[in-house]
Amino acid sequence: MDAARLQTCATRFLAELQRSPQTIRAYRADLNHLQTWLATHEQILDAQTLGQYLAAHPTWAAATRSRKHTSFERFARWAIKHELLDRDPTVLLERPRLPPPHPKGLRRAEIERIFAAIPTSQRRDALLFRLVYETGLRIGEALGLCLTDLDLIPGDEHLTVLGKGERKRTVLLDDPKLVGALKRYLRSLPYTHGPLFQATRNGRGGPLRYQSVQERWQGYAAQAGVACTLHQLRHSHATELVNGGVSLATIRKRLGHQHIQTTLRYAEVSDSTMDAELRRWRRQQSK
């Protein structure tokens, strides 16, 4: 595949890609950079030239190289599926080893400051962000909820979530205030089926878009003067559970982690829990 054909195929690939706007922008930048390099050096896309391309940029950070590896790998798989490539040029690439990201949660008081900045008229936004914070849902999982995913039987309120890998899990709605806000929101809805959080602009009625929700959250956070990404709501919930003494096995199931190693990252931020346990142990030894 030469540079010109890569550019054409990349346009088709990105148009079909079902990812967040941020991911699509990153993939586009990576493929454009590769296409420009191939054109400049009059090379075609294969395993050898892809290795040369990466070797020509030794100053790239490991995270950058890893992201580009992912971009090229997913494009190659798509191209092979559509019979645009005969071989996968990424198959021999060695992915850089990255340290696991350190999840950063915020204190509840900081999160509540942002919630206080949401106008009372924006009931949908307030419930959506509160739901993500109090349950640890991924924002995509929350946006994918339908009314039929809710079960509000008194004393056993929960919802069914379709998470990563098309895996379903049940999430307990254990906060009475959240349940109350959810019931009030449901009573106010002019519809009885479809997405729980619908877009209202222009009467479209479809599910909210991630980009729109992200922009609204950042606006509220800016008004409150708190630096907080939308994904940090999930981290904050997990950190709160760890510091509250909830077992990692329970947190893993609640967050929908496939591997316990992912959940173990939160154990590193639970120093207060560790100190409290050690003090209790020491007091017991002293009796």
# chains A, B, ... in the order shown; residues from 1 in each chain; ligands from 1
call {"tool": "select_by_dssp", "arguments": {"residues": "range 45-144 of chain A", "states": "helix (DSSP H, G or I)", "output": "NGL selection string"}}
result
:A and (47-55 or 62-81 or 108-116 or 123-135 or 139-143)
call {"tool": "residues_around", "arguments": {"residues": "Val179 in chain A", "least_positions_apart": "4", "cutoff": "12 Å", "atoms": "only C-alpha atoms", "output": "PyMOL selection string"}}
result
chain A and resi 127+130-131+134-135+150-159+172-175+183-186
call {"tool": "closest_residue", "arguments": {"among": "A:Gln218, A:Ser188, A:Gln43, A:Gln18", "to": "Arg123 in chain A", "atoms": "only C-alpha atoms"}}
result
A:Ser188
call {"tool": "atom_distance", "arguments": {"atom1": "CA of Pro195 in chain A", "atom2": "CA of Leu145 in chain A"}}
result
5.9 Å
call {"tool": "closest_atom_pairs", "arguments": {"of": "range 116-198 of chain A", "to": "range 238-249 of chain A", "cutoff": "12 Å", "atoms": "only C-alpha atoms", "output": "tab-separated table"}}
result
residue	atom	partner	partner_atom	distance
A:Val132	CA	A:Ala238	CA	11.1
A:Tyr133	CA	A:Ala238	CA	9.2
A:Glu134	CA	A:Ala238	CA	9.5
A:Thr135	CA	A:Ala238	CA	8.9
A:Gly136	CA	A:Ala238	CA	6.6
A:Leu137	CA	A:Ala238	CA	10.1
A:Arg138	CA	A:Ala238	CA	11.7
call {"tool": "residues_around", "arguments": {"residues": "range 80-93 of chain A", "least_positions_apart": "2", "cutoff": "10 Å", "atoms": "only C-alpha atoms", "output": "list in words"}}
result
Met1, Arg5, Leu6, Cys9, Phe13, Leu45, Asp46, Ala47, Gln48, Thr49, Leu50, Gly51, Leu54, His69, Thr70, Phe72, Glu73, Arg74, Phe75, Ala76, Arg77, Trp78, Arg95 and Pro96 of chain A
call {"tool": "residues_around", "arguments": {"residues": "Arg67 in chain A", "least_positions_apart": "6", "cutoff": "12 Å", "atoms": "only C-alpha atoms", "output": "list in words"}}
result
Thr23, Ile24, Ala26, Tyr27, Arg28, Ala29, Asp30, Leu31, Trp60, Ala61, Glu73, Arg74, Arg95, Pro96, Arg97 and Leu98 of chain A
call {"tool": "write_last_selection", "arguments": {"atoms": "all heavy atoms", "output": "CSV table (one decimal), in the first residue's frame"}}
result
chain,number,residue,atom,x,y,z
A,23,THR,N,-10.3,9.9,20.4
A,23,THR,CA,-9.5,8.7,19.8
A,23,THR,C,-9.4,8.9,18.3
A,23,THR,O,-8.4,8.6,17.7
A,23,THR,CB,-10.2,7.4,20.2
A,23,THR,OG1,-10.2,7.3,21.6
A,23,THR,CG2,-9.5,6.2,19.5
A,24,ILE,N,-10.5,9.3,17.7
A,24,ILE,CA,-10.5,9.4,16.2
A,24,ILE,C,-9.5,10.5,15.8
A,24,ILE,O,-8.8,10.3,14.8
A,24,ILE,CB,-11.9,9.7,15.7
A,24,ILE,CG1,-12.8,8.5,15.9
A,24,ILE,CG2,-11.9,10.1,14.2
A,24,ILE,CD1,-14.3,8.8,15.5
A,26,ALA,N,-6.8,11.3,17.4
A,26,ALA,CA,-5.4,10.8,17.6
A,26,ALA,C,-5.1,9.8,16.4
A,26,ALA,O,-3.9,9.9,15.9
A,26,ALA,CB,-5.4,10.1,18.9
A,27,TYR,N,-6.0,8.9,16.1
A,27,TYR,CA,-5.7,8.0,15.0
A,27,TYR,C,-5.5,8.7,13.7
A,27,TYR,O,-4.6,8.4,12.9
A,27,TYR,CB,-6.9,7.0,14.8
A,27,TYR,CG,-7.0,6.0,15.8
A,27,TYR,CD1,-6.2,6.0,17.0
A,27,TYR,CD2,-7.8,4.9,15.7
A,27,TYR,CE1,-6.3,5.0,18.0
A,27,TYR,CE2,-7.9,3.9,16.6
A,27,TYR,CZ,-7.2,3.9,17.7
A,27,TYR,OH,-7.3,2.9,18.7
A,28,ARG,N,-6.3,9.8,13.4
A,28,ARG,CA,-6.1,10.5,12.2
A,28,ARG,C,-4.7,11.2,12.1
A,28,ARG,O,-4.0,11.2,11.1
A,28,ARG,CB,-7.2,11.6,12.1
A,28,ARG,CG,-7.0,12.5,10.8
A,28,ARG,CD,-8.1,13.5,10.7
A,28,ARG,NE,-9.4,12.9,10.4
A,28,ARG,CZ,-10.4,12.8,11.2
A,28,ARG,NH1,-10.3,13.3,12.5
A,28,ARG,NH2,-11.5,12.2,10.9
A,29,ALA,N,-4.3,11.8,13.2
A,29,ALA,CA,-3.0,12.4,13.3
A,29,ALA,C,-1.9,11.4,13.1
A,29,ALA,O,-0.9,11.6,12.3
A,29,ALA,CB,-2.8,13.1,14.6
A,30,ASP,N,-2.0,10.2,13.7
A,30,ASP,CA,-1.0,9.2,13.5
A,30,ASP,C,-0.9,8.7,12.1
A,30,ASP,O,0.2,8.5,11.5
A,30,ASP,CB,-1.3,8.0,14.5
A,30,ASP,CG,-1.1,8.3,15.9
A,30,ASP,OD1,-0.4,9.3,16.2
A,30,ASP,OD2,-1.7,7.6,16.8
A,31,LEU,N,-2.0,8.4,11.5
A,31,LEU,CA,-2.0,7.9,10.1
A,31,LEU,C,-1.6,9.0,9.1
A,31,LEU,O,-0.9,8.7,8.1
A,31,LEU,CB,-3.4,7.4,9.7
A,31,LEU,CG,-3.8,6.1,10.5
A,31,LEU,CD1,-5.3,5.8,10.3
A,31,LEU,CD2,-3.0,4.9,10.1
A,60,TRP,N,10.5,9.8,20.5
A,60,TRP,CA,9.1,9.7,21.0
A,60,TRP,C,9.0,9.0,22.3
A,60,TRP,O,9.7,8.0,22.5
A,60,TRP,CB,8.3,8.9,19.9
A,60,TRP,CG,7.8,9.7,18.8
A,60,TRP,CD1,7.8,11.0,18.7
A,60,TRP,CD2,7.4,9.2,17.5
A,60,TRP,NE1,7.3,11.4,17.4
A,60,TRP,CE2,7.1,10.3,16.7
A,60,TRP,CE3,7.3,7.9,17.0
A,60,TRP,CZ2,6.6,10.1,15.4
A,60,TRP,CZ3,6.8,7.7,15.7
A,60,TRP,CH2,6.5,8.8,14.9
A,61,ALA,N,8.2,9.5,23.2
A,61,ALA,CA,8.0,8.8,24.5
A,61,ALA,C,7.3,7.5,24.3
A,61,ALA,O,6.7,7.2,23.3
A,61,ALA,CB,7.1,9.7,25.3
A,73,GLU,N,-2.1,-0.8,14.2
A,73,GLU,CA,-2.6,-2.1,14.4
A,73,GLU,C,-4.1,-2.2,14.0
A,73,GLU,O,-4.5,-3.1,13.3
A,73,GLU,CB,-2.3,-2.6,15.8
A,73,GLU,CG,-2.7,-4.1,16.0
A,73,GLU,CD,-2.4,-4.5,17.5
A,73,GLU,OE1,-3.1,-4.0,18.4
A,73,GLU,OE2,-1.5,-5.3,17.7
A,74,ARG,N,-4.9,-1.3,14.5
A,74,ARG,CA,-6.3,-1.3,14.3
A,74,ARG,C,-6.6,-1.0,12.8
A,74,ARG,O,-7.5,-1.6,12.2
A,74,ARG,CB,-7.0,-0.4,15.2
A,74,ARG,CG,-7.0,-0.9,16.6
A,74,ARG,CD,-7.8,-0.1,17.6
A,74,ARG,NE,-7.8,-0.7,18.9
A,74,ARG,CZ,-8.3,-0.1,20.0
A,74,ARG,NH1,-8.7,1.1,20.0
A,74,ARG,NH2,-8.3,-0.8,21.2
A,95,ARG,N,5.6,-3.8,21.2
A,95,ARG,CA,4.9,-2.7,21.8
A,95,ARG,C,5.7,-2.3,23.1
A,95,ARG,O,6.1,-3.1,23.9
A,95,ARG,CB,3.5,-3.2,22.3
A,95,ARG,CG,2.7,-2.0,22.9
A,95,ARG,CD,1.4,-2.6,23.4
A,95,ARG,NE,0.5,-3.0,22.3
A,95,ARG,CZ,-0.3,-2.2,21.6
A,95,ARG,NH1,-0.3,-0.9,21.9
A,95,ARG,NH2,-1.0,-2.6,20.6
A,96,PRO,N,5.9,-1.0,23.2
A,96,PRO,CA,6.6,-0.5,24.4
A,96,PRO,C,5.9,-0.8,25.7
A,96,PRO,O,4.7,-0.8,25.7
A,96,PRO,CB,6.7,1.1,24.2
A,96,PRO,CG,6.4,1.2,22.7
A,96,PRO,CD,5.5,0.1,22.3
A,97,ARG,N,6.7,-1.1,26.7
A,97,ARG,CA,6.1,-1.4,28.0
A,97,ARG,C,5.8,-0.1,28.7
A,97,ARG,O,6.7,0.7,28.9
A,97,ARG,CB,7.0,-2.3,28.8
A,97,ARG,CG,7.1,-3.7,28.3
A,97,ARG,CD,8.0,-4.6,29.2
A,97,ARG,NE,8.1,-6.0,28.8
A,97,ARG,CZ,7.2,-6.9,29.1
A,97,ARG,NH1,6.1,-6.6,29.8
A,97,ARG,NH2,7.3,-8.1,28.6
A,98,LEU,N,4.5,0.0,29.2
A,98,LEU,CA,4.1,1.2,29.9
A,98,LEU,C,3.8,0.9,31.3
A,98,LEU,O,3.2,-0.1,31.6
A,98,LEU,CB,2.9,1.8,29.2
A,98,LEU,CG,3.1,2.4,27.7
A,98,LEU,CD1,1.8,2.8,27.2
A,98,LEU,CD2,4.1,3.4,27.7
call {"tool": "select_by_dssp", "arguments": {"residues": "range 24-258 of chain A", "states": "strand (DSSP E)", "output": "PyMOL selection string"}}
result
chain A and resi 150-151+158-162+168-172
